[in-house]
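This is work.cif. It holds mmCIF, C-alpha atoms.
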```
data_data
#
loop_
_atom_site.label_atom_id
_atom_site.label_comp_id
_atom_site.auth_asym_id
_atom_site.auth_seq_id
_atom_site.Cartn_x
_atom_site.Cartn_y
_atom_site.Cartn_z
CA MET A 1 138.31 45.95 80.74
CA GLY A 2 140.18 47.50 77.83
CA ARG A 3 140.91 45.99 74.45
CA LEU A 4 144.64 46.16 75.21
CA ASP A 5 144.77 44.91 78.79
CA GLY A 6 148.06 43.17 79.52
CA ARG A 7 149.79 44.50 76.41
CA VAL A 8 152.89 46.63 76.09
CA ALA A 9 153.23 49.48 73.60
CA LEU A 10 156.06 51.70 72.43
CA VAL A 11 155.14 55.03 70.87
CA THR A 12 157.90 57.07 69.30
CA GLY A 13 157.30 60.80 69.25
CA GLY A 14 154.91 60.19 72.12
CA SER A 15 155.58 63.36 74.09
CA GLY A 16 153.29 65.64 72.10
CA GLY A 17 150.78 66.07 69.32
CA ILE A 18 149.33 62.99 67.67
CA GLY A 19 151.88 60.72 69.34
CA ARG A 20 150.76 61.87 72.78
CA ALA A 21 147.11 61.30 71.89
CA ALA A 22 148.02 57.78 70.75
CA VAL A 23 149.85 57.10 74.01
CA LEU A 24 146.83 58.14 76.05
CA GLU A 25 144.35 56.17 73.95
CA LEU A 26 146.48 53.02 74.19
CA ALA A 27 146.72 53.51 77.96
CA ARG A 28 142.97 54.10 78.17
CA GLU A 29 142.49 50.72 76.50
CA GLY A 30 144.72 49.09 79.11
CA ALA A 31 148.21 49.02 77.57
CA ASP A 32 151.40 49.89 79.41
CA VAL A 33 153.33 52.40 77.31
CA GLY A 34 156.92 53.38 76.68
CA VAL A 35 157.02 57.01 75.54
CA GLN A 36 160.00 57.85 73.36
CA TYR A 37 161.29 61.39 73.13
CA ASN A 38 164.46 62.94 71.76
CA HIS A 39 164.62 66.40 73.31
CA GLY A 40 161.28 66.97 75.09
CA LYS A 41 161.94 65.22 78.39
CA GLU A 42 159.51 67.30 80.45
CA ALA A 43 156.70 66.80 77.95
CA ALA A 44 157.36 63.04 77.84
CA GLU A 45 157.32 62.79 81.62
CA ALA A 46 154.07 64.76 81.73
CA THR A 47 152.59 62.30 79.24
CA VAL A 48 153.71 59.40 81.42
CA GLY A 49 152.02 61.07 84.39
CA ALA A 50 148.78 61.16 82.39
CA VAL A 51 149.21 57.47 81.52
CA ARG A 52 149.48 56.57 85.19
CA LYS A 53 146.34 58.54 86.00
CA LEU A 54 144.55 56.32 83.52
CA GLY A 55 145.64 53.27 85.50
CA SER A 56 148.39 52.01 83.20
CA ARG A 57 152.13 51.93 83.63
CA GLY A 58 154.33 54.27 81.64
CA VAL A 59 157.96 55.20 81.21
CA ALA A 60 159.66 58.05 79.34
CA LEU A 61 162.70 56.97 77.32
CA GLN A 62 165.16 59.14 75.41
CA ALA A 63 166.30 57.92 72.01
CA ASP A 64 167.33 59.26 68.63
CA VAL A 65 165.29 57.24 66.13
CA SER A 66 167.64 58.13 63.28
CA ASP A 67 170.34 56.05 65.02
CA ALA A 68 170.00 52.26 64.86
CA GLY A 69 171.90 51.65 68.10
CA SER A 70 169.73 54.12 69.96
CA CYS A 71 166.61 52.32 68.71
CA GLU A 72 167.99 48.97 69.87
CA ARG A 73 168.54 50.39 73.36
CA LEU A 74 165.09 51.96 73.33
CA VAL A 75 163.33 48.69 72.59
CA ALA A 76 165.53 46.79 75.05
CA ASP A 77 164.58 49.27 77.78
CA VAL A 78 160.86 48.84 77.06
CA VAL A 79 161.13 45.05 77.10
CA LYS A 80 163.09 45.15 80.34
CA GLU A 81 160.66 47.58 81.99
CA PHE A 82 157.47 45.76 81.01
CA ASP A 83 158.66 42.24 80.15
CA GLY A 84 157.58 42.33 76.53
CA LEU A 85 156.50 44.39 73.55
CA ASP A 86 153.25 43.91 71.64
CA ILE A 87 152.66 47.23 69.87
CA ALA A 88 155.01 49.71 68.18
CA ALA A 89 153.62 52.97 66.79
CA CYS A 90 156.13 55.20 65.00
CA PHE A 91 155.06 58.84 65.31
CA ALA A 92 158.51 60.43 65.57
CA GLY A 93 158.90 62.76 62.61
CA HIS A 94 160.91 65.63 61.24
CA PRO A 95 159.15 68.91 62.11
CA ILE A 96 157.55 70.85 59.28
CA ARG A 97 159.60 73.96 58.61
CA THR A 98 157.80 76.41 56.38
CA ALA A 99 160.92 77.73 54.65
CA GLU A 100 161.99 74.20 53.68
CA TRP A 101 158.47 73.08 52.82
CA TYR A 102 157.93 75.77 50.20
CA LYS A 103 161.50 75.90 48.94
CA GLY A 104 161.98 75.15 45.25
CA TYR A 105 162.90 71.54 44.56
CA THR A 106 166.23 72.27 42.86
CA ALA A 107 167.23 74.65 45.65
CA LEU A 108 166.89 72.04 48.41
CA THR A 109 170.19 71.22 50.11
CA PRO A 110 171.34 67.66 50.79
CA GLY A 111 170.71 68.24 54.50
CA GLU A 112 167.15 69.41 53.89
CA ILE A 113 166.49 66.36 51.72
CA ARG A 114 168.00 63.89 54.16
CA ALA A 115 166.36 65.16 57.38
CA PRO A 116 162.85 63.70 56.79
CA LEU A 117 164.39 60.51 55.38
CA ASP A 118 166.56 60.07 58.47
CA ILE A 119 163.76 60.52 60.98
CA ASP A 120 160.51 59.47 59.30
CA LEU A 121 161.75 56.64 57.11
CA LEU A 122 164.99 55.38 58.66
CA GLY A 123 163.52 55.94 62.12
CA SER A 124 160.63 53.63 61.23
CA ILE A 125 163.06 51.08 59.81
CA PHE A 126 165.36 51.10 62.83
CA VAL A 127 162.52 50.92 65.38
CA THR A 128 160.85 48.02 63.60
CA GLN A 129 164.15 46.19 63.18
CA ALA A 130 164.65 46.43 66.93
CA ALA A 131 161.05 45.57 67.85
CA LEU A 132 160.38 42.61 65.59
CA PRO A 133 162.52 39.91 67.29
CA THR A 134 160.48 40.17 70.51
CA MET A 135 157.19 40.15 68.60
CA VAL A 136 158.23 37.24 66.41
CA ASP A 137 159.27 35.22 69.46
CA ALA A 138 155.82 35.83 70.97
CA ARG A 139 154.17 35.22 67.57
CA ARG A 140 152.02 38.29 67.96
CA GLY A 141 152.40 42.00 67.53
CA SER A 142 151.06 45.09 65.82
CA ILE A 143 153.24 47.68 64.13
CA ILE A 144 151.68 50.98 63.11
CA LEU A 145 153.64 53.27 60.80
CA VAL A 146 152.72 56.85 59.98
CA GLY A 147 152.56 58.13 56.43
CA SER A 148 150.74 61.02 54.81
CA THR A 149 147.87 61.44 52.36
CA PRO A 150 149.96 63.70 50.05
CA ALA A 151 152.40 60.79 49.79
CA LEU A 152 149.56 59.03 47.97
CA THR A 153 148.18 61.94 45.97
CA GLY A 154 151.37 63.90 45.33
CA ASP A 155 151.96 67.61 45.92
CA THR A 156 154.13 70.43 44.61
CA PHE A 157 155.70 71.25 48.00
CA GLY A 158 157.43 69.38 50.80
CA ILE A 159 158.82 66.82 48.40
CA PRO A 160 161.48 65.31 50.75
CA TYR A 161 158.76 64.80 53.37
CA LEU A 162 156.47 63.13 50.81
CA VAL A 163 159.29 60.88 49.61
CA ALA A 164 160.00 59.81 53.21
CA LYS A 165 156.33 59.15 53.90
CA GLY A 166 155.95 57.27 50.61
CA GLY A 167 158.80 55.05 51.77
CA VAL A 168 157.00 54.45 55.06
CA LEU A 169 153.89 53.26 53.21
CA ALA A 170 156.01 50.91 51.08
CA LEU A 171 157.75 49.64 54.22
CA ALA A 172 154.39 48.70 55.76
CA ARG A 173 153.39 46.67 52.72
CA ALA A 174 156.73 44.88 52.51
CA LEU A 175 157.04 44.10 56.22
CA ALA A 176 153.48 42.82 56.40
CA GLN A 177 154.40 40.08 53.93
CA VAL A 178 157.68 39.26 55.69
CA VAL A 179 156.34 38.95 59.23
CA GLY A 180 152.69 38.00 58.63
CA PRO A 181 153.48 34.27 58.71
CA LYS A 182 155.10 34.89 62.10
CA GLY A 183 151.98 36.39 63.66
CA VAL A 184 152.88 40.08 63.39
CA ARG A 185 150.66 42.62 61.65
CA VAL A 186 151.98 45.81 60.03
CA ASN A 187 149.77 48.69 58.91
CA ALA A 188 150.23 52.35 58.07
CA LEU A 189 148.24 55.53 58.44
CA ALA A 190 147.99 58.16 55.72
CA LEU A 191 147.16 61.35 57.58
CA GLY A 192 145.69 64.55 56.23
CA SER A 193 145.57 67.90 58.04
CA ILE A 194 145.59 67.12 61.77
CA GLU A 195 145.50 70.11 64.08
CA THR A 196 148.26 70.12 66.69
CA GLU A 197 150.31 72.81 68.35
CA ALA A 198 153.07 72.07 65.84
CA THR A 199 150.80 72.56 62.82
CA LYS A 200 149.42 75.75 64.33
CA ARG A 201 152.94 77.12 64.66
CA ALA A 202 153.87 76.08 61.13
CA THR A 203 150.85 77.61 59.34
CA LYS A 204 149.28 81.03 59.23
CA ALA A 205 145.65 81.47 60.30
CA ALA A 206 144.55 82.18 56.72
CA ASP A 207 146.31 79.05 55.48
CA ARG A 208 144.71 76.94 58.20
CA LYS A 209 141.30 78.22 57.16
CA ALA A 210 141.99 77.38 53.53
CA LEU A 211 143.30 73.92 54.39
CA ALA A 212 140.13 73.21 56.36
CA GLN A 213 138.13 73.53 53.14
CA GLU A 214 140.13 70.91 51.23
CA PRO A 215 138.80 67.63 52.71
CA ALA A 216 135.23 66.47 52.19
CA LEU A 217 134.45 67.04 55.87
CA ARG A 218 135.57 70.69 55.57
CA ARG A 219 137.61 70.72 58.75
CA TRP A 220 140.91 69.72 60.30
CA GLY A 221 141.18 66.40 62.05
CA THR A 222 142.11 66.01 65.71
CA PRO A 223 144.88 63.93 67.28
CA GLU A 224 142.24 62.00 69.21
CA GLU A 225 140.57 60.90 65.97
CA VAL A 226 143.88 59.46 64.78
CA ALA A 227 144.56 57.88 68.17
CA ARG A 228 141.34 55.89 68.06
CA VAL A 229 142.43 54.35 64.75
CA VAL A 230 145.78 53.47 66.31
CA ALA A 231 144.08 51.69 69.20
CA PHE A 232 141.87 49.79 66.76
CA LEU A 233 144.84 48.62 64.68
CA ALA A 234 146.70 47.60 67.84
CA SER A 235 143.77 45.52 69.10
CA ASP A 236 142.34 42.14 68.19
CA ASP A 237 139.46 43.97 66.49
CA ALA A 238 141.93 44.38 63.61
CA SER A 239 143.26 40.82 63.83
CA TYR A 240 142.80 40.14 60.09
CA ILE A 241 144.09 43.50 58.86
CA THR A 242 147.69 43.80 57.72
CA GLY A 243 149.65 45.50 54.95
CA GLN A 244 147.02 48.23 54.69
CA THR A 245 147.22 52.00 54.49
CA ILE A 246 144.36 53.44 56.51
CA VAL A 247 143.58 56.91 55.19
CA VAL A 248 142.61 59.33 57.98
CA ASP A 249 142.19 62.60 56.14
CA GLY A 250 138.53 63.65 56.27
CA GLY A 251 138.19 62.91 52.58
CA TYR A 252 141.13 64.97 51.29
CA ALA A 253 142.24 62.24 48.89
CA LEU A 254 138.80 62.23 47.22
CA ARG A 255 139.50 65.55 45.49
#
```
Would it be possible to restate this file's structure as structure tokens?
Amino acid sequence: MGRLDGRVALVTGGSGGIGRAAVLELAREGADVGVQYNHGKEAAEATVGAVRKLGSRGVALQADVSDAGSCERLVADVVKEFDGLDIAACFAGHPIRTAEWYKGYTALTPGEIRAPLDIDLLGSIFVTQAALPTMVDARRGSIILVGSTPALTGDTFGIPYLVAKGGVLALARALAQVVGPKGVRVNALALGSIETEATKRATKAADRKALAQEPALRRWGTPEEVARVVAFLASDDASYITGQTIVVDGGYALR
């Protein structure tokens, strides 16, 4: 018996990286999972195949989280497929592009500034707007948003990304107060350096080695370590936790 038996989850950005790990951990705990993707259909379908091997039901669903109408259709498809929605975890995010990340602040173009806001922040807003009516009707639900430790501590690079993630953390605190009386919990993660294929592609080996020395644990985190926190927040083990930012960064923020 899993902690999430009989529950339905939606994970955006669930076709790879940390999102995929979250999908599999939720399925391992018994949840049926809708896996949102934008362009990676094959990867999403492969993730769904892994969900089914774990004994849960899964479905891959295409949606653009930066579009409100697309998010409404996404949630409607999950509810129709599984007859409900109990968990929404928003992992869809703008990819880190080194040239943009290290670009001088005043040189950033409007498009470069808007991209993380559209996907990370507005995507979280649109998905939660679409998901909440079903959760409120059932008077239960867990929403898990994804922020970043540097959004708490500040940094000199990647400022549009940090602004978007800071907005996500504020969204979690605000929504928790709005929907708490209706039985829905909202929490956020503040993630440090988590090693995925995407982060490997975006950083040089020397930089990865240096980054590993920054947190107190002196290493990168793994997607699976994040996924276990997601499953905890989605479960009744976290039934009295809402409006919180759970820092999963190996002690980076202690510097």
Compare A:Glu197, A:Asp67, A:Asp86, A:Asp249 by their minimum atom-to-atom distance to Ser235 (chain A), counting all atoms listed in the file, and give me the closest one.
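Of all the options, A:Asp86 lies closest to Ser235 (chain A).
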Who sits within 9 Å of Val247 (chain A), all atoms listed in the file, same chain under 4 positions skipped, as a PyMOL selection string:
chain A and resi 148-149+188-192+251+253
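Distance annotation: of A:Ala43, A:Leu122, A:Val11, A:Ala88, the residue with the minimal separation from Val186 (chain A) is A:Ala88; atom set is all atoms listed in the file.
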Pull the neighbourhood of (160.8, 71.8, 50.9) for me: all residues within 6 Å in file coordinates, counting only C-alpha atoms, as a ChimeraX atom specification.
/A:100-103,157-159
Put those residues in a file: C-alpha atoms, as a compact mmCIF listing (two decimals), in the frame of the given file.
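Output below, filename result-v8.txt:
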```
# COMPACT_ATOMS: atom_id res chain seq x y z
CA GLU A 100 161.99 74.20 53.68
CA TRP A 101 158.47 73.08 52.82
CA TYR A 102 157.93 75.77 50.20
CA LYS A 103 161.50 75.90 48.94
CA PHE A 157 155.70 71.25 48.00
CA GLY A 158 157.43 69.38 50.80
CA ILE A 159 158.82 66.82 48.40
```
Straight-line distance linking CA of Ser239 (chain A) with CA of Gly180 (chain A), stated in Å to one decimal:
11.1 Å
Selected residue, from A:Asp207, A:Thr12, A:His94, A:Ile18, that lies nearest to Phe126 (chain A) when counting all atoms listed in the file:
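When distances to Phe126 (chain A) are compared using all atoms listed in the file, the smallest one comes from A:Thr12.
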Selection result for the PyMOL selection byres ((chain A and resi 133) around 12) on this file, as an MDAnalysis selection string
chainID A and resid 72 75:76 79 84:86 127:132 134:141 179 182:184
Could you dump the residues just selected with C-alpha atoms as a PDB file, in the coordinates of the input?
```
ATOM      1  CA  GLU A  72     167.990  48.970  69.870  1.00  0.00           C
ATOM      2  CA  VAL A  75     163.330  48.690  72.590  1.00  0.00           C
ATOM      3  CA  ALA A  76     165.530  46.790  75.050  1.00  0.00           C
ATOM      4  CA  VAL A  79     161.130  45.050  77.100  1.00  0.00           C
ATOM      5  CA  GLY A  84     157.580  42.330  76.530  1.00  0.00           C
ATOM      6  CA  LEU A  85     156.500  44.390  73.550  1.00  0.00           C
ATOM      7  CA  ASP A  86     153.250  43.910  71.640  1.00  0.00           C
ATOM      8  CA  VAL A 127     162.520  50.920  65.380  1.00  0.00           C
ATOM      9  CA  THR A 128     160.850  48.020  63.600  1.00  0.00           C
ATOM     10  CA  GLN A 129     164.150  46.190  63.180  1.00  0.00           C
ATOM     11  CA  ALA A 130     164.650  46.430  66.930  1.00  0.00           C
ATOM     12  CA  ALA A 131     161.050  45.570  67.850  1.00  0.00           C
ATOM     13  CA  LEU A 132     160.380  42.610  65.590  1.00  0.00           C
ATOM     14  CA  THR A 134     160.480  40.170  70.510  1.00  0.00           C
ATOM     15  CA  MET A 135     157.190  40.150  68.600  1.00  0.00           C
ATOM     16  CA  VAL A 136     158.230  37.240  66.410  1.00  0.00           C
ATOM     17  CA  ASP A 137     159.270  35.220  69.460  1.00  0.00           C
ATOM     18  CA  ALA A 138     155.820  35.830  70.970  1.00  0.00           C
ATOM     19  CA  ARG A 139     154.170  35.220  67.570  1.00  0.00           C
ATOM     20  CA  ARG A 140     152.020  38.290  67.960  1.00  0.00           C
ATOM     21  CA  GLY A 141     152.400  42.000  67.530  1.00  0.00           C
ATOM     22  CA  VAL A 179     156.340  38.950  59.230  1.00  0.00           C
ATOM     23  CA  LYS A 182     155.100  34.890  62.100  1.00  0.00           C
ATOM     24  CA  GLY A 183     151.980  36.390  63.660  1.00  0.00           C
ATOM     25  CA  VAL A 184     152.880  40.080  63.390  1.00  0.00           C
TER      26      VAL A 184
END
```
Using all atoms listed in the file, find the one residue out of A:Gly2, A:Val168, A:Pro95, A:Thr196 that sits nearest to Glu224 (chain A).
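Of all the options, A:Thr196 lies closest to Glu224 (chain A).
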Any chance you could work out the axis-aligned box around region 21-26 of chain A, listed atoms only, 6 Å on each side, giving centre and edge lengths in Å to one decimal, as JSON?
```
{"center_x": 147.1, "center_y": 57.2, "center_z": 73.4, "size_x": 17.5, "size_y": 20.3, "size_z": 17.3}
```
Please evaluate the PyMOL selection byres ((chain A and resi 65) around 7) against the structure above and give the resulting residues as a list in words.
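Selection result, ordered by chain and number: Ala63, Asp64, Ser66, Asp67, Ala68, Ser70, Cys71, Ile119, Gly123, Phe126 and Val127 of chain A.
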Run through the PyMOL selection byres ((chain A and resi 47) around 10) on the given coordinates and return the selected residues as JSON, numbers by chain.
{"A": [14, 15, 16, 20, 21, 23, 24, 35, 41, 42, 43, 44, 45, 46, 48, 49, 50, 51, 52, 53, 58, 59, 60]}
Using all atoms listed in the file for the distances, tell me which of A:Gly34, A:Gly221, A:Glu112, A:Pro150 is nearest to Ala89 (chain A).
A:Gly34
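Residue nearest Pro181 (chain A), chosen from A:Ile87, A:Leu108, A:Glu214, A:Thr242 and counting only C-alpha atoms: A:Thr242.
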What gap, in Å, lies between CA of Ala107 (chain A) and CA of Tyr161 (chain A)?
15.1 Å
Region 169-178 of chain A: which residues within 7 Å, counting only C-alpha atoms, same-chain residues fewer than 6 positions away excluded, as JSON, numbers by chain?
{"A": [145, 147, 185, 186, 187, 188, 242, 243, 244, 245]}
Residues of the last selection are to be written out with C-alpha atoms, as a compact mmCIF listing (two decimals), in the coordinates of the input.
```txt
# COMPACT_ATOMS: atom_id res chain seq x y z
CA LEU A 145 153.64 53.27 60.80
CA GLY A 147 152.56 58.13 56.43
CA ARG A 185 150.66 42.62 61.65
CA VAL A 186 151.98 45.81 60.03
CA ASN A 187 149.77 48.69 58.91
CA ALA A 188 150.23 52.35 58.07
CA THR A 242 147.69 43.80 57.72
CA GLY A 243 149.65 45.50 54.95
CA GLN A 244 147.02 48.23 54.69
CA THR A 245 147.22 52.00 54.49
```
N, CA and C atoms are needed for region 22-46 of chain A; please write them out as a PDB file, in the coordinates of the input.
```
ATOM      1  N   ALA A  22     147.966  59.232  70.914  1.00  0.00           N
ATOM      2  CA  ALA A  22     148.020  57.780  70.750  1.00  0.00           C
ATOM      3  C   ALA A  22     148.434  57.102  72.041  1.00  0.00           C
ATOM      4  N   VAL A  23     149.422  57.650  72.722  1.00  0.00           N
ATOM      5  CA  VAL A  23     149.850  57.100  74.010  1.00  0.00           C
ATOM      6  C   VAL A  23     148.666  57.012  74.967  1.00  0.00           C
ATOM      7  N   LEU A  24     147.923  58.097  75.088  1.00  0.00           N
ATOM      8  CA  LEU A  24     146.830  58.140  76.050  1.00  0.00           C
ATOM      9  C   LEU A  24     145.689  57.201  75.662  1.00  0.00           C
ATOM     10  N   GLU A  25     145.415  57.080  74.378  1.00  0.00           N
ATOM     11  CA  GLU A  25     144.350  56.170  73.950  1.00  0.00           C
ATOM     12  C   GLU A  25     144.753  54.717  74.187  1.00  0.00           C
ATOM     13  N   LEU A  26     146.004  54.376  73.916  1.00  0.00           N
ATOM     14  CA  LEU A  26     146.480  53.020  74.190  1.00  0.00           C
ATOM     15  C   LEU A  26     146.413  52.721  75.684  1.00  0.00           C
ATOM     16  N   ALA A  27     146.795  53.686  76.501  1.00  0.00           N
ATOM     17  CA  ALA A  27     146.720  53.510  77.960  1.00  0.00           C
ATOM     18  C   ALA A  27     145.276  53.376  78.408  1.00  0.00           C
ATOM     19  N   ARG A  28     144.394  54.163  77.821  1.00  0.00           N
ATOM     20  CA  ARG A  28     142.970  54.100  78.170  1.00  0.00           C
ATOM     21  C   ARG A  28     142.395  52.718  77.878  1.00  0.00           C
ATOM     22  N   GLU A  29     142.940  52.069  76.850  1.00  0.00           N
ATOM     23  CA  GLU A  29     142.490  50.720  76.500  1.00  0.00           C
ATOM     24  C   GLU A  29     143.219  49.640  77.284  1.00  0.00           C
ATOM     25  N   GLY A  30     144.108  50.052  78.201  1.00  0.00           N
ATOM     26  CA  GLY A  30     144.720  49.090  79.110  1.00  0.00           C
ATOM     27  C   GLY A  30     146.181  48.778  78.900  1.00  0.00           C
ATOM     28  N   ALA A  31     146.808  49.336  77.856  1.00  0.00           N
ATOM     29  CA  ALA A  31     148.210  49.020  77.570  1.00  0.00           C
ATOM     30  C   ALA A  31     149.156  49.797  78.481  1.00  0.00           C
ATOM     31  N   ASP A  32     150.277  49.176  78.810  1.00  0.00           N
ATOM     32  CA  ASP A  32     151.400  49.890  79.410  1.00  0.00           C
ATOM     33  C   ASP A  32     152.211  50.480  78.260  1.00  0.00           C
ATOM     34  N   VAL A  33     152.759  51.683  78.454  1.00  0.00           N
ATOM     35  CA  VAL A  33     153.330  52.400  77.310  1.00  0.00           C
ATOM     36  C   VAL A  33     154.710  52.979  77.592  1.00  0.00           C
ATOM     37  N   GLY A  34     155.639  52.698  76.695  1.00  0.00           N
ATOM     38  CA  GLY A  34     156.920  53.380  76.680  1.00  0.00           C
ATOM     39  C   GLY A  34     156.809  54.589  75.761  1.00  0.00           C
ATOM     40  N   VAL A  35     157.169  55.751  76.273  1.00  0.00           N
ATOM     41  CA  VAL A  35     157.020  57.010  75.540  1.00  0.00           C
ATOM     42  C   VAL A  35     158.401  57.489  75.123  1.00  0.00           C
ATOM     43  N   GLN A  36     158.699  57.389  73.842  1.00  0.00           N
ATOM     44  CA  GLN A  36     160.000  57.850  73.360  1.00  0.00           C
ATOM     45  C   GLN A  36     159.989  59.347  73.099  1.00  0.00           C
ATOM     46  N   TYR A  37     161.081  59.983  73.466  1.00  0.00           N
ATOM     47  CA  TYR A  37     161.290  61.390  73.130  1.00  0.00           C
ATOM     48  C   TYR A  37     162.759  61.547  72.754  1.00  0.00           C
ATOM     49  N   ASN A  38     163.071  62.633  72.054  1.00  0.00           N
ATOM     50  CA  ASN A  38     164.460  62.940  71.760  1.00  0.00           C
ATOM     51  C   ASN A  38     164.945  64.102  72.616  1.00  0.00           C
ATOM     52  N   HIS A  39     164.221  65.218  72.540  1.00  0.00           N
ATOM     53  CA  HIS A  39     164.620  66.400  73.310  1.00  0.00           C
ATOM     54  C   HIS A  39     163.595  66.827  74.358  1.00  0.00           C
ATOM     55  N   GLY A  40     162.329  66.457  74.199  1.00  0.00           N
ATOM     56  CA  GLY A  40     161.280  66.970  75.090  1.00  0.00           C
ATOM     57  C   GLY A  40     161.057  66.113  76.319  1.00  0.00           C
ATOM     58  N   LYS A  41     162.028  66.085  77.207  1.00  0.00           N
ATOM     59  CA  LYS A  41     161.940  65.220  78.390  1.00  0.00           C
ATOM     60  C   LYS A  41     160.766  65.601  79.285  1.00  0.00           C
ATOM     61  N   GLU A  42     160.584  66.877  79.557  1.00  0.00           N
ATOM     62  CA  GLU A  42     159.510  67.300  80.450  1.00  0.00           C
ATOM     63  C   GLU A  42     158.149  66.930  79.875  1.00  0.00           C
ATOM     64  N   ALA A  43     157.968  67.137  78.581  1.00  0.00           N
ATOM     65  CA  ALA A  43     156.700  66.800  77.950  1.00  0.00           C
ATOM     66  C   ALA A  43     156.453  65.291  77.998  1.00  0.00           C
ATOM     67  N   ALA A  44     157.503  64.506  77.790  1.00  0.00           N
ATOM     68  CA  ALA A  44     157.360  63.040  77.840  1.00  0.00           C
ATOM     69  C   ALA A  44     156.991  62.590  79.250  1.00  0.00           C
ATOM     70  N   GLU A  45     157.629  63.166  80.239  1.00  0.00           N
ATOM     71  CA  GLU A  45     157.320  62.790  81.620  1.00  0.00           C
ATOM     72  C   GLU A  45     155.904  63.210  81.999  1.00  0.00           C
ATOM     73  N   ALA A  46     155.446  64.338  81.482  1.00  0.00           N
ATOM     74  CA  ALA A  46     154.070  64.760  81.730  1.00  0.00           C
ATOM     75  C   ALA A  46     153.093  63.776  81.090  1.00  0.00           C
TER      76      ALA A  46
END
```
